[in-house]
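Trainee: File protein14.cif below, mmCIF, C-alpha atoms:
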data_work
#
loop_
_atom_site.label_atom_id
_atom_site.label_comp_id
_atom_site.auth_asym_id
_atom_site.auth_seq_id
_atom_site.Cartn_x
_atom_site.Cartn_y
_atom_site.Cartn_z
CA SER A 1 4.10 11.84 1.67
CA PRO A 2 0.31 12.20 1.43
CA ASN A 3 -1.34 15.50 0.64
CA PHE A 4 -3.52 16.01 3.72
CA SER A 5 -5.16 19.10 2.21
CA ASP A 6 -7.30 16.82 0.05
CA ARG A 7 -8.73 14.72 2.87
CA ILE A 8 -10.72 14.70 6.08
CA TYR A 9 -8.33 13.31 8.65
CA TRP A 10 -8.55 12.08 12.25
CA ASP A 11 -5.41 11.44 14.27
CA GLY A 12 -6.59 12.11 17.83
CA SER A 13 -4.80 15.46 17.98
CA ASP A 14 -7.89 17.55 18.76
CA ASP A 15 -10.68 17.25 21.34
CA VAL A 16 -12.99 15.24 19.10
CA SER A 17 -13.14 11.54 19.98
CA LEU A 18 -13.08 8.96 17.22
CA ASP A 19 -16.69 7.95 17.92
CA GLU A 20 -17.85 11.57 17.68
CA TRP A 21 -15.87 12.02 14.48
CA LEU A 22 -17.29 8.83 12.93
CA GLU A 23 -20.84 10.00 13.73
CA ARG A 24 -20.20 13.17 11.71
CA ILE A 25 -17.92 11.90 8.96
CA ILE A 26 -19.95 9.26 7.12
CA PRO A 27 -18.64 8.13 3.69
CA SER A 28 -22.09 7.79 2.09
CA GLN A 29 -22.88 11.39 3.11
CA ILE A 30 -19.67 12.96 1.78
CA SER A 31 -19.04 13.70 -1.89
CA VAL A 32 -15.80 13.60 -3.84
CA GLU A 33 -16.19 17.37 -4.29
CA ALA A 34 -15.74 17.77 -0.53
CA CYS A 35 -12.55 15.70 -0.31
CA SER A 36 -10.61 12.94 -2.03
CA TRP A 37 -10.22 10.73 1.04
CA ILE A 38 -11.47 10.15 4.57
CA GLN A 39 -8.58 8.92 6.72
CA VAL A 40 -7.87 7.68 10.24
CA ALA A 41 -4.50 7.21 11.95
CA ASN A 42 -3.38 4.53 14.38
CA THR A 43 -3.13 6.33 17.73
CA ASN A 44 -2.05 3.34 19.83
CA VAL A 45 1.66 4.04 20.23
CA GLN A 46 2.20 0.60 21.83
CA SER A 47 0.77 -1.30 18.87
CA LYS A 48 2.83 -3.12 16.24
CA GLY A 49 1.32 -1.11 13.43
CA TYR A 50 1.91 2.37 14.87
CA SER A 51 4.14 4.82 13.03
CA ASN A 52 4.50 8.58 13.15
CA GLU A 53 7.39 8.75 10.69
CA LYS A 54 7.09 11.11 7.74
CA SER A 55 8.89 10.36 4.50
CA TYR A 56 8.93 11.81 1.01
CA PHE A 57 9.07 10.00 -2.29
CA LYS A 58 11.87 10.86 -4.72
CA LYS A 59 10.89 9.60 -8.16
CA GLU A 60 14.17 10.46 -9.85
CA VAL A 61 16.21 7.90 -7.88
CA CYS A 62 13.84 5.14 -9.06
CA MET A 63 14.09 5.95 -12.75
CA PRO A 64 17.36 4.10 -13.55
CA ALA A 65 15.75 0.74 -12.73
CA LEU A 66 12.66 1.53 -14.81
CA ASN A 67 14.75 2.97 -17.65
CA ARG A 68 16.59 -0.34 -17.89
CA ILE A 69 13.25 -2.08 -18.55
CA THR A 70 12.23 0.63 -21.04
CA LYS A 71 15.48 0.11 -22.94
CA ILE A 72 14.77 -3.62 -23.28
CA ILE A 73 11.22 -2.95 -24.52
CA ASN A 74 12.37 -0.27 -26.97
CA ALA A 75 14.85 -2.77 -28.40
CA GLY A 76 11.92 -5.03 -29.21
CA GLU A 77 13.03 -7.64 -26.72
CA ARG A 78 11.00 -9.64 -24.21
CA VAL A 79 11.29 -8.54 -20.58
CA SER A 80 12.15 -11.71 -18.69
CA THR A 81 10.78 -12.57 -15.27
CA LYS A 82 14.33 -12.32 -13.98
CA GLU A 83 14.68 -8.75 -15.27
CA LYS A 84 11.32 -7.79 -13.74
CA ASP A 85 12.37 -9.27 -10.38
CA ARG A 86 15.65 -7.38 -10.55
CA CYS A 87 13.79 -4.15 -11.25
CA ILE A 88 11.36 -4.57 -8.34
CA GLN A 89 14.23 -5.48 -6.03
CA ALA A 90 16.16 -2.37 -7.04
CA LEU A 91 13.09 -0.17 -6.59
CA SER A 92 12.40 -1.73 -3.19
CA GLU A 93 15.97 -1.19 -1.99
CA THR A 94 15.94 2.39 -3.25
CA THR A 95 12.69 3.34 -1.50
CA ILE A 96 13.72 1.55 1.70
CA ALA A 97 16.88 3.66 1.70
CA GLN A 98 14.64 6.75 1.43
CA GLY A 99 12.53 5.51 4.35
CA TYR A 100 9.51 5.49 2.04
CA THR A 101 8.16 2.09 3.02
CA THR A 102 4.38 2.41 3.41
CA GLY A 103 2.07 0.14 1.47
CA LYS A 104 -1.55 -0.97 1.55
CA TRP A 105 -4.07 -3.74 1.40
CA MET A 106 -6.95 -2.65 -0.81
CA LEU A 107 -10.61 -3.44 -0.20
CA TYR A 108 -13.29 -2.76 -2.79
CA LEU A 109 -16.58 -2.31 -0.95
CA ALA A 110 -20.16 -2.24 -2.23
CA PRO A 111 -21.58 1.30 -1.78
CA GLU A 112 -24.33 0.01 0.52
CA ASP A 113 -21.72 -1.55 2.82
CA VAL A 114 -19.22 1.31 3.08
CA ASP A 115 -20.51 3.05 6.21
CA GLU A 116 -20.55 -0.03 8.44
CA ALA A 117 -17.30 -1.34 6.99
CA TRP A 118 -15.55 2.00 7.48
CA VAL A 119 -16.58 2.28 11.14
CA ASN A 120 -15.08 -1.16 11.79
CA ILE A 121 -11.88 -0.44 9.87
CA ALA A 122 -11.46 3.03 11.38
CA ARG A 123 -11.83 1.76 14.94
CA ALA A 124 -9.52 -1.20 14.31
CA THR A 125 -6.95 1.18 12.84
CA ALA A 126 -7.12 3.74 15.64
CA ASN A 127 -6.88 1.11 18.38
CA GLY A 128 -3.90 -0.63 16.79
CA MET A 129 -5.45 -3.86 15.53
CA LEU A 130 -4.59 -2.97 11.93
CA GLY A 131 -1.73 -0.90 10.50
CA CYS A 132 -0.52 2.70 10.67
CA SER A 133 -3.59 4.27 9.00
CA ALA A 134 -6.60 3.63 6.76
CA LYS A 135 -8.54 5.69 4.24
CA ILE A 136 -11.73 5.41 2.22
CA SER A 137 -13.10 7.26 -0.78
CA PRO A 138 -16.26 9.38 -0.30
CA ALA A 139 -19.35 7.49 -1.50
CA MET A 140 -22.16 10.06 -1.70
CA ALA A 141 -24.16 9.74 -4.95
CA THR A 142 -21.41 7.55 -6.36
CA THR A 143 -21.68 5.97 -9.77
CA GLN A 144 -18.96 3.48 -8.89
CA ASP A 145 -19.77 -0.19 -8.40
CA LYS A 146 -17.13 -0.41 -5.66
CA ILE A 147 -15.62 2.03 -3.19
CA LEU A 148 -11.89 1.80 -2.50
CA CYS A 149 -10.63 1.48 1.08
CA CYS A 150 -6.87 1.30 1.73
CA VAL A 151 -5.48 -0.23 4.92
CA TYR A 152 -1.87 0.86 5.36
CA VAL A 153 1.15 -1.02 6.64
CA LYS A 154 4.17 1.02 7.73
CA ASP A 155 6.83 -1.14 6.08
CA PHE A 156 6.26 -3.30 2.99
CA SER A 157 9.60 -5.05 3.61
CA CYS A 158 8.43 -6.30 7.03
CA ARG A 159 6.66 -9.45 5.89
CA GLU A 160 5.46 -10.28 9.42
CA GLU A 161 3.59 -6.97 9.59
CA VAL A 162 2.16 -7.29 6.07
CA LYS A 163 0.80 -10.72 7.00
CA ARG A 164 -0.42 -9.66 10.46
CA VAL A 165 -2.59 -6.89 9.00
CA LEU A 166 -4.01 -9.21 6.32
CA LEU A 167 -4.94 -11.82 8.93
CA ALA A 168 -6.53 -9.14 11.13
CA LEU A 169 -8.66 -7.97 8.20
CA ARG A 170 -9.71 -11.51 7.32
CA HIS A 171 -10.06 -13.20 10.70
CA ASN A 172 -10.76 -10.38 13.18
CA LEU A 173 -12.92 -8.22 10.96
CA GLY A 174 -14.25 -10.77 8.46
CA PHE A 175 -13.27 -8.97 5.26
CA SER A 176 -12.63 -10.83 2.03
CA VAL A 177 -9.31 -9.51 0.73
CA THR A 178 -8.69 -10.44 -2.90
CA CYS A 179 -6.38 -7.70 -4.18
CA GLY A 180 -2.68 -8.06 -3.55
CA PHE A 181 -0.45 -5.82 -1.46
CA LYS A 182 0.78 -2.63 -3.16
CA PRO A 183 3.65 -0.48 -1.84
CA ASP A 184 3.02 3.24 -2.14
CA PHE A 185 5.97 3.60 -4.49
CA PHE A 186 4.10 1.41 -7.00
CA THR A 187 1.28 3.96 -6.96
CA ASP A 188 3.64 6.93 -7.18
CA LEU A 189 5.47 5.43 -10.16
CA GLY A 190 2.26 4.42 -11.96
CA ILE A 191 2.79 0.66 -11.62
CA TYR A 192 -0.85 -0.30 -12.17
CA THR A 193 -2.43 -3.26 -13.98
CA LYS A 194 -1.36 -1.92 -17.37
CA ASN A 195 1.99 -0.20 -17.00
CA PRO A 196 4.66 0.57 -19.62
CA TRP A 197 7.24 -1.69 -17.90
CA ARG A 198 4.97 -4.78 -17.88
CA LEU A 199 5.53 -5.20 -14.14
CA LYS A 200 3.05 -6.92 -11.84
CA PRO A 201 0.79 -4.28 -10.21
CA VAL A 202 1.24 -5.73 -6.70
CA LEU A 203 4.27 -6.80 -4.67
CA TYR A 204 2.57 -9.72 -2.91
CA LYS A 205 -0.50 -11.75 -3.83
CA VAL A 206 -2.95 -12.69 -1.07
CA ASN A 207 -2.38 -16.43 -1.44
CA GLU A 208 1.38 -15.88 -1.33
CA VAL A 209 1.13 -13.97 1.96
CA LEU A 210 -1.09 -16.67 3.47
CA GLU A 211 1.54 -19.35 2.85
CA SER A 212 3.16 -20.57 6.07
CA ASN A 213 6.69 -19.77 4.84
CA PHE A 214 5.91 -16.23 3.59
CA THR A 215 7.62 -14.45 6.49
CA THR A 216 10.87 -16.39 6.03
CA LEU A 217 11.27 -15.72 2.30
CA THR A 218 12.85 -12.89 0.37
CA THR A 219 12.18 -11.92 -3.22
CA LYS A 220 13.53 -14.06 -6.06
CA ALA A 221 15.91 -11.30 -6.99
CA ALA A 222 17.41 -11.25 -3.50
CA GLN A 223 17.81 -15.04 -3.51
CA SER A 224 19.73 -15.07 -6.79
CA GLU A 225 23.48 -14.65 -6.40
CA ASP A 226 23.92 -12.89 -9.71
CA SER A 227 21.07 -10.43 -9.22
CA THR A 228 21.74 -8.77 -5.89
CA ILE A 229 21.01 -5.07 -5.59
CA THR A 230 24.74 -4.32 -5.73
CA SER A 231 25.37 -6.08 -9.02
CA PHE A 232 22.18 -4.63 -10.47
CA LEU A 233 23.11 -1.07 -9.62
CA ASN A 234 26.62 -1.66 -10.94
CA LYS A 235 25.10 -2.57 -14.30
CA LEU A 236 23.16 0.69 -14.27
CA ALA A 237 26.29 2.73 -13.64
#
Represent the supplied structure as structure tokens.

Mentor:
Amino acid sequence: SPNFSDRIYWDGSDDVSLDEWLERIIPSQISVEACSWIQVANTNVQSKGYSNEKSYFKKEVCMPALNRITKIINAGERVSTKEKDRCIQALSETTIAQGYTTGKWMLYLAPEDVDEAWVNIARATANGMLGCSAKISPAMATTQDKILCCVYVKDFSCREEVKRVLLALRHNLGFSVTCGFKPDFFTDLGIYTKNPWRLKPVLYKVNEVLESNFTTLTTKAAQSEDSTITSFLNKLA
């Protein structure tokens, strides 16, 4: 669950309209000392991307799957693609059982483009074109080459929704999306580009999601008879 004390947040719950809020809350005029994130919620309850569910991440229930990978590495052995797929499948099943299913498409914006881009993303989020929420990093006096903007999807396991939001970003809003899709549990567990388990830092690559058969597929681990979540967890026991 996000820490809303570190961000400036609009969810339509007060008397300030989104347009009024966007006129006041401008990324290039807000520093990282003021807040970590600027965030907008989807307020269109009829939209596909809407969600008001709150969930909390429990790291300890994910550790058995990661510890299995650590054990292989500590033994000096190579971590096979099959073992990595099994691990991600187990982690996915575990977090789905928790109800912790949010994930994000990540945009890296040039500092000079952030204000206009954020207005478009914020409006498209609030009106339901995109996913359940979106956030952007403050950009005032930044030394960063790129500013991170995250566009959230309520359920990483719903491939139709993951793809719908990507297509809306690309086709409706004209953004070039190059980074893959990252579930929030990847972030919470520290599954970044260089991670101790040698796992891929994203669940889905952009080109993979754009394939016509993406929404009908499951992960390799789920397709393999000998690597279902049940057999995997039995091996951990």

Trainee: Between A:Gln144, A:Thr187, A:Ser55, A:Asn207, which is the closest to Leu166 (chain A) once you count all atoms listed in the file?

Mentor: A:Asn207

Trainee: Give me the residues near Ala134 (chain A) as JSON, numbers by chain, where near means some atom within 12 Å (using all atoms listed in the file) and where sequence neighbours in that chain fewer than 2 positions away do not count.

Mentor: {"A": [7, 8, 9, 10, 11, 37, 38, 39, 40, 41, 42, 43, 49, 50, 102, 103, 104, 105, 106, 107, 117, 118, 119, 120, 121, 122, 123, 124, 125, 126, 127, 128, 129, 130, 131, 132, 136, 137, 148, 149, 150, 151, 152, 153, 154, 165, 169]}

Trainee: How far is it from CA of Glu116 (chain A) to CA of Pro27 (chain A), in Å with one decimal?

Mentor: 9.6 Å

Trainee: Taking all atoms listed in the file into account, name the residue in A:Ile88, A:Met63, A:Ile26, A:Leu217 that is nearest to Lys200 (chain A).

Mentor: A:Ile88

Trainee: Evaluate the PyMOL selection byres ((chain A and resi 58) around 12) and record the selected residues as a PyMOL selection string, following the chain and residue labels used in the document.

Mentor: chain A and resi 1+55-57+59-63+91+94-100+184-185+188-189

Trainee: Step by step, work through what the PyMOL selection byres ((chain A and resi 67) around 12) selects in the shown file, and finish by giving those residues as JSON, numbers by chain.

Mentor: {"A": [60, 61, 62, 63, 64, 65, 66, 68, 69, 70, 71, 72, 73, 74, 83, 84, 87, 90, 91, 196, 197, 236]}

Trainee: Could you tell me how far CA of Ser28 (chain A) sits from CA of Lys146 (chain A), in Å to one decimal place?

Mentor: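 Straight-line distance from CA of Lys146 (chain A) to CA of Ser28 (chain A) works out to 12.3 Å.
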
Trainee: Quick one: pull the distance between CA of Lys163 (chain A) and CA of Leu210 (chain A), Å, one decimal.

Mentor: 7.2 Å

Trainee: Check the smallest atom-to-atom distance from each of A:Phe156, A:Phe214, A:Trp21, A:Tyr204 to Cys179 (chain A) using all atoms listed in the file, then report the winner.

Mentor: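 Nearest to Cys179 (chain A): A:Tyr204.
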
Trainee: In terms of the shortest atom-to-atom distance over all atoms listed in the file, which of A:Val16, A:Asn52, A:Leu109, A:Gln29 is closest to Phe175 (chain A)?

Mentor: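 For Phe175 (chain A), the nearest of the given residues is A:Leu109.
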
Trainee: Excluding Val209 (chain A) and residues on its chain fewer than 2 positions from it, collect all residues at most 10 Å away from it, counting all atoms listed in the file, and give them as a ChimeraX atom specification.

Mentor: /A:159-160,162-164,166-167,180-181,204-207,211-215

Trainee: In terms of the shortest atom-to-atom distance over all atoms listed in the file, which of A:Ser176, A:Thr193, A:Thr216, A:Ser17 is closest to Cys158 (chain A)?

Mentor: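 Once distances to Cys158 (chain A) are computed over all atoms listed in the file, the minimum belongs to A:Thr216.
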
Trainee: Reconstruct N, CA and C atoms of region 17-45 of chain A; output as a PDB file, in the frame of the given file.

Mentor:
ATOM      1  N   SER A  17     -13.422  12.973  19.879  1.00  0.00           N
ATOM      2  CA  SER A  17     -13.140  11.540  19.980  1.00  0.00           C
ATOM      3  C   SER A  17     -13.401  10.873  18.639  1.00  0.00           C
ATOM      4  N   LEU A  18     -12.866   9.684  18.472  1.00  0.00           N
ATOM      5  CA  LEU A  18     -13.080   8.960  17.220  1.00  0.00           C
ATOM      6  C   LEU A  18     -14.564   8.669  17.011  1.00  0.00           C
ATOM      7  N   ASP A  19     -15.258   8.259  18.057  1.00  0.00           N
ATOM      8  CA  ASP A  19     -16.690   7.950  17.920  1.00  0.00           C
ATOM      9  C   ASP A  19     -17.487   9.173  17.483  1.00  0.00           C
ATOM     10  N   GLU A  20     -17.175  10.328  18.080  1.00  0.00           N
ATOM     11  CA  GLU A  20     -17.850  11.570  17.680  1.00  0.00           C
ATOM     12  C   GLU A  20     -17.551  11.890  16.222  1.00  0.00           C
ATOM     13  N   TRP A  21     -16.303  11.723  15.848  1.00  0.00           N
ATOM     14  CA  TRP A  21     -15.870  12.020  14.480  1.00  0.00           C
ATOM     15  C   TRP A  21     -16.568  11.094  13.484  1.00  0.00           C
ATOM     16  N   LEU A  22     -16.654   9.797  13.820  1.00  0.00           N
ATOM     17  CA  LEU A  22     -17.290   8.830  12.930  1.00  0.00           C
ATOM     18  C   LEU A  22     -18.796   9.083  12.785  1.00  0.00           C
ATOM     19  N   GLU A  23     -19.409   9.661  13.816  1.00  0.00           N
ATOM     20  CA  GLU A  23     -20.840  10.000  13.730  1.00  0.00           C
ATOM     21  C   GLU A  23     -21.071  11.144  12.747  1.00  0.00           C
ATOM     22  N   ARG A  24     -20.085  12.004  12.591  1.00  0.00           N
ATOM     23  CA  ARG A  24     -20.200  13.170  11.710  1.00  0.00           C
ATOM     24  C   ARG A  24     -19.677  12.893  10.300  1.00  0.00           C
ATOM     25  N   ILE A  25     -18.589  12.131  10.240  1.00  0.00           N
ATOM     26  CA  ILE A  25     -17.920  11.900   8.960  1.00  0.00           C
ATOM     27  C   ILE A  25     -18.334  10.518   8.441  1.00  0.00           C
ATOM     28  N   ILE A  26     -19.361  10.505   7.611  1.00  0.00           N
ATOM     29  CA  ILE A  26     -19.950   9.260   7.120  1.00  0.00           C
ATOM     30  C   ILE A  26     -19.724   9.193   5.606  1.00  0.00           C
ATOM     31  N   PRO A  27     -19.004   8.180   5.115  1.00  0.00           N
ATOM     32  CA  PRO A  27     -18.640   8.130   3.690  1.00  0.00           C
ATOM     33  C   PRO A  27     -19.804   8.320   2.730  1.00  0.00           C
ATOM     34  N   SER A  28     -20.955   7.697   3.019  1.00  0.00           N
ATOM     35  CA  SER A  28     -22.090   7.790   2.090  1.00  0.00           C
ATOM     36  C   SER A  28     -22.727   9.179   2.090  1.00  0.00           C
ATOM     37  N   GLN A  29     -22.320  10.044   3.037  1.00  0.00           N
ATOM     38  CA  GLN A  29     -22.880  11.390   3.110  1.00  0.00           C
ATOM     39  C   GLN A  29     -21.847  12.464   2.742  1.00  0.00           C
ATOM     40  N   ILE A  30     -20.720  12.031   2.188  1.00  0.00           N
ATOM     41  CA  ILE A  30     -19.670  12.960   1.780  1.00  0.00           C
ATOM     42  C   ILE A  30     -19.350  12.727   0.310  1.00  0.00           C
ATOM     43  N   SER A  31     -19.277  13.814  -0.449  1.00  0.00           N
ATOM     44  CA  SER A  31     -19.040  13.700  -1.890  1.00  0.00           C
ATOM     45  C   SER A  31     -17.560  13.877  -2.212  1.00  0.00           C
ATOM     46  N   VAL A  32     -17.190  13.453  -3.403  1.00  0.00           N
ATOM     47  CA  VAL A  32     -15.800  13.600  -3.840  1.00  0.00           C
ATOM     48  C   VAL A  32     -15.446  15.070  -4.067  1.00  0.00           C
ATOM     49  N   GLU A  33     -16.461  15.931  -4.184  1.00  0.00           N
ATOM     50  CA  GLU A  33     -16.190  17.370  -4.290  1.00  0.00           C
ATOM     51  C   GLU A  33     -15.700  17.929  -2.950  1.00  0.00           C
ATOM     52  N   ALA A  34     -16.132  17.300  -1.864  1.00  0.00           N
ATOM     53  CA  ALA A  34     -15.740  17.770  -0.530  1.00  0.00           C
ATOM     54  C   ALA A  34     -14.311  17.373  -0.186  1.00  0.00           C
ATOM     55  N   CYS A  35     -13.908  16.176  -0.593  1.00  0.00           N
ATOM     56  CA  CYS A  35     -12.550  15.700  -0.310  1.00  0.00           C
ATOM     57  C   CYS A  35     -12.271  14.481  -1.167  1.00  0.00           C
ATOM     58  N   SER A  36     -11.001  14.132  -1.272  1.00  0.00           N
ATOM     59  CA  SER A  36     -10.610  12.940  -2.030  1.00  0.00           C
ATOM     60  C   SER A  36     -10.643  11.688  -1.159  1.00  0.00           C
ATOM     61  N   TRP A  37     -10.319  11.873   0.133  1.00  0.00           N
ATOM     62  CA  TRP A  37     -10.220  10.730   1.040  1.00  0.00           C
ATOM     63  C   TRP A  37     -10.702  11.083   2.439  1.00  0.00           C
ATOM     64  N   ILE A  38     -11.169  10.077   3.144  1.00  0.00           N
ATOM     65  CA  ILE A  38     -11.470  10.150   4.570  1.00  0.00           C
ATOM     66  C   ILE A  38     -10.475   9.213   5.242  1.00  0.00           C
ATOM     67  N   GLN A  39      -9.709   9.710   6.208  1.00  0.00           N
ATOM     68  CA  GLN A  39      -8.580   8.920   6.720  1.00  0.00           C
ATOM     69  C   GLN A  39      -8.489   8.957   8.249  1.00  0.00           C
ATOM     70  N   VAL A  40      -8.052   7.837   8.800  1.00  0.00           N
ATOM     71  CA  VAL A  40      -7.870   7.680  10.240  1.00  0.00           C
ATOM     72  C   VAL A  40      -6.466   7.153  10.509  1.00  0.00           C
ATOM     73  N   ALA A  41      -5.831   7.664  11.565  1.00  0.00           N
ATOM     74  CA  ALA A  41      -4.500   7.210  11.950  1.00  0.00           C
ATOM     75  C   ALA A  41      -4.563   6.247  13.122  1.00  0.00           C
ATOM     76  N   ASN A  42      -3.575   5.381  13.204  1.00  0.00           N
ATOM     77  CA  ASN A  42      -3.380   4.530  14.380  1.00  0.00           C
ATOM     78  C   ASN A  42      -2.829   5.412  15.501  1.00  0.00           C
ATOM     79  N   THR A  43      -3.559   5.485  16.608  1.00  0.00           N
ATOM     80  CA  THR A  43      -3.130   6.330  17.730  1.00  0.00           C
ATOM     81  C   THR A  43      -2.629   5.518  18.926  1.00  0.00           C
ATOM     82  N   ASN A  44      -2.542   4.211  18.759  1.00  0.00           N
ATOM     83  CA  ASN A  44      -2.050   3.340  19.830  1.00  0.00           C
ATOM     84  C   ASN A  44      -0.541   3.180  19.682  1.00  0.00           C
ATOM     85  N   VAL A  45       0.204   3.998  20.409  1.00  0.00           N
ATOM     86  CA  VAL A  45       1.660   4.040  20.230  1.00  0.00           C
ATOM     87  C   VAL A  45       2.327   2.723  20.638  1.00  0.00           C
TER      88      VAL A  45
END
